[in-house]
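Asks: Below is the structure I would like to discuss, written out as structure tokens.
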Amino acid sequence: MNRFLIAFILCISMTGMLIGGGFNIYEFGARSSTLGGAVVAQAYDASTIFYNPSGLAFLPGTNFYGGVSLITSNSKFAGALPTWGGAEHETESQLFSPIGVYLSHHFSEKFAAGIGVTNPFGLGVKWANDFPGDYISRKSQIVSFYVSPVLAFRITQELSIGGGPDIVYSSVDLIQGLYPFKGPGSTGPEVGEATLNGNSGIGIGFSASVMYKTERAAIGFLYRHQVKNTFDDGTAKFTYYENAADQNALAFAKLNIKDQKVSTEVTYPNFLSFGAYYLVTPKFGVEVDVMWFRWKVVDELVLDFETLPTAVLPLNYDNSWQVRAGAHFEATEQLSFRVGFIYDQSPQPIESVGPLLPDANRNDFTVGVGYNFGRVQADAGYMLVNFLERSTVEDGVGKNENSFDGTYNSDANLFFLSIGINLRQ
């Protein structure tokens with residue numbers, strides 16, 4: 001029984017990794033996303049509520065901006081020899097659609113306000129039925145909602161400040177195979193399926209920002225505080241296969257593994273973003289941003305079960321950096337072209353890389369177009385996310401904490417579409 005409980009607890013613990021690592025989304029507006037997210041020094045539209053709230057002070061009138069990012073991702077796993085045979089396994093196709101919806105209003109020359117709704121964490125992974133690592137994860141999905149009311153104040157003609165609270169809610173669903181006699185390098189007989197469901201309480205964070213903007217140059221700064229979501233009423237449920245090949249293992253599991261409540265806490269990290277923009281010519285501008293994430297707050301997970309002992313599990317994330325660059329070319333007064341690049345450093349240590357989150361350093365490439373119809377702005381674009389190959393074997397030694405070692409290759413495709421409407425000049 002102890003082996004199974006350890007495996008199941010580790011599986012649940014990786015939910016925190018799913019929240020805190022490779023599925024952190026930053027694409028909440030087509031124009032900003034196709035500029036590589038390098039927009040902390042500019043307020044192009046109402047999505048500045050997410051990227052730099054102080055930019056609202058430079059955005060006149062009443063504005064709506066909203067859209068969706070369509071995300072498809074793929075991961076391949078080649079098991080390490082000799083334990084996992086070197087065979088390649090692949091995730092099943094899934095489509096995710098995080099949103100970014102914003103409304104802003106400029107009350108006076110110096111004061112503006114707005115509200116945004118985003119899904120910074122909203123992806124999942126689903127492996128094929130024959131995947132040997134389903135004792136860690138068969139399917140996982142997390143959904144989060146950030147509701148962010150913000151204020152902005154223009155101190156001088158060039159300088160503004162802004163910020164506001166983040167009101168955060170999350171839910172999680174996780175499925176894994178049930179193997180009561182799982183051991184290192186082998187899974188033993190499968191006798192059923194384990195499911196974890198949980199809805200968090202409301203977590204509160206905040207953002208604070210500055211923007212300094214001249215006719216041709218600008219700098220911007222954003223700080224977003226960490227948010228803790230508490231899951232007080234999660235459920236761990238077990239479905240048993242009555243026709244399991246090993247009836248003794250089935251009887252053992254049914255006797256010892258019962259449905260029960262589980263509670264935990266997860267923390268989204270705080271981060272800093274700094275950017276500098278320059279208008280090279282009247283039609284061509286560039287920006288470079290640097291972001292720093294304090295992933296060290298994701299160091300352990302404490303799991304309180306209804307009947308099982310409390311478990312404290314190390315996650316040991318590292319702080320990480322991102323570099324973002326974007327450029328736009330205004331071909332006409334109506335038509336704009338954009339490109340971007342992102343280098344994203346993974347915070348995940350090698351021992352945590354696994355089927356729930358096969359994360360790695362990434363190079364992202366973006367391209368987009370926008371067209372202004374007067375009071376209506378339409379933006380669209382594409383991003384290719386290229387994960388570098390990541391192996392859990394180092395110097396011939398497997399490092400994965402669940403003894404599931406091998407090499408992961410992943411990529412993702414993101415398609416952006418947003419509409420902006422100037423409701424009042």
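Just remember, in the structure tokens the first chain shown is A, the second B, etc., residues are 1-based per chain, and ligands are 1-based in the order shown.
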Name the residues of region 31-129 of chain A that come out as strand (DSSP E) in a backbone DSSP run; write them as a PyMOL selection string.

Replies: chain A and resi 62-79+88-90+95-96+99-106+111-118+124-126

Asks: For region 275-282 of chain A, please output as JSON, numbers by chain all residues within 10 Å (counting only C-alpha atoms; exclusion window: fewer than 4 positions along the same chain).

Replies: {"A": [38, 39, 40, 41, 42, 211, 212, 213, 214, 215, 216, 217, 218, 219, 220, 221, 222, 286, 287, 288, 289, 290, 291, 323, 324, 325, 326, 327, 328, 329, 330]}

Asks: Quick one: pull the distance between CA of Gln425 (chain A) and CA of Phe58 (chain A), Å, one decimal.

Replies: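 Between CA of Gln425 (chain A) and CA of Phe58 (chain A) the gap is 12.9 Å.
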
Asks: Name the closest residue to Leu250 (chain A) among the candidates A:Ser144, A:Ser104, A:Gly398, A:Gly188; distances are taken between atoms, counting only C-alpha atoms.

Replies: A:Gly188

Asks: Taking the DSSP secondary structure from the backbone, can you list the residues of region 31-258 of chain A that are alpha helix (DSSP H), as a list of chain:residue names?

Replies: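 Matching residues for alpha helix (DSSP H) in region 31-258 of chain A are A:Arg31, A:Ser32, A:Ser33, A:Thr34, A:Thr48, A:Ile49, A:Phe50, A:Tyr51, A:Gln247, A:Asn248, A:Ala249, A:Leu250, A:Ala251, A:Phe252, A:Ala253, A:Lys254, A:Leu255, A:Asn256.
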
Asks: With C-alpha atoms kept, could you save the residues just selected as a PDB file, in the first residue's frame?

Replies:
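Result file follows (selection.pdb):
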ATOM      1  CA  ARG A  31      -1.499  42.647 -31.019  1.00  0.00           C
ATOM      2  CA  SER A  32       0.623  42.312 -27.864  1.00  0.00           C
ATOM      3  CA  SER A  33       1.169  38.566 -28.371  1.00  0.00           C
ATOM      4  CA  THR A  34       2.448  38.938 -31.939  1.00  0.00           C
ATOM      5  CA  THR A  48      -2.420  47.108 -21.244  1.00  0.00           C
ATOM      6  CA  ILE A  49      -4.612  46.312 -18.214  1.00  0.00           C
ATOM      7  CA  PHE A  50      -2.738  42.988 -18.098  1.00  0.00           C
ATOM      8  CA  TYR A  51       0.697  44.023 -19.413  1.00  0.00           C
ATOM      9  CA  GLN A 247      -7.735 -10.090  -8.759  1.00  0.00           C
ATOM     10  CA  ASN A 248      -5.522 -10.207  -5.657  1.00  0.00           C
ATOM     11  CA  ALA A 249      -4.158  -6.743  -6.425  1.00  0.00           C
ATOM     12  CA  LEU A 250      -7.711  -5.543  -7.056  1.00  0.00           C
ATOM     13  CA  ALA A 251      -8.947  -6.869  -3.731  1.00  0.00           C
ATOM     14  CA  PHE A 252      -5.975  -5.310  -1.937  1.00  0.00           C
ATOM     15  CA  ALA A 253      -6.622  -1.891  -3.508  1.00  0.00           C
ATOM     16  CA  LYS A 254     -10.376  -1.955  -2.799  1.00  0.00           C
ATOM     17  CA  LEU A 255      -9.703  -2.793   0.836  1.00  0.00           C
ATOM     18  CA  ASN A 256      -7.034  -0.138   1.425  1.00  0.00           C
TER      19      ASN A 256
END
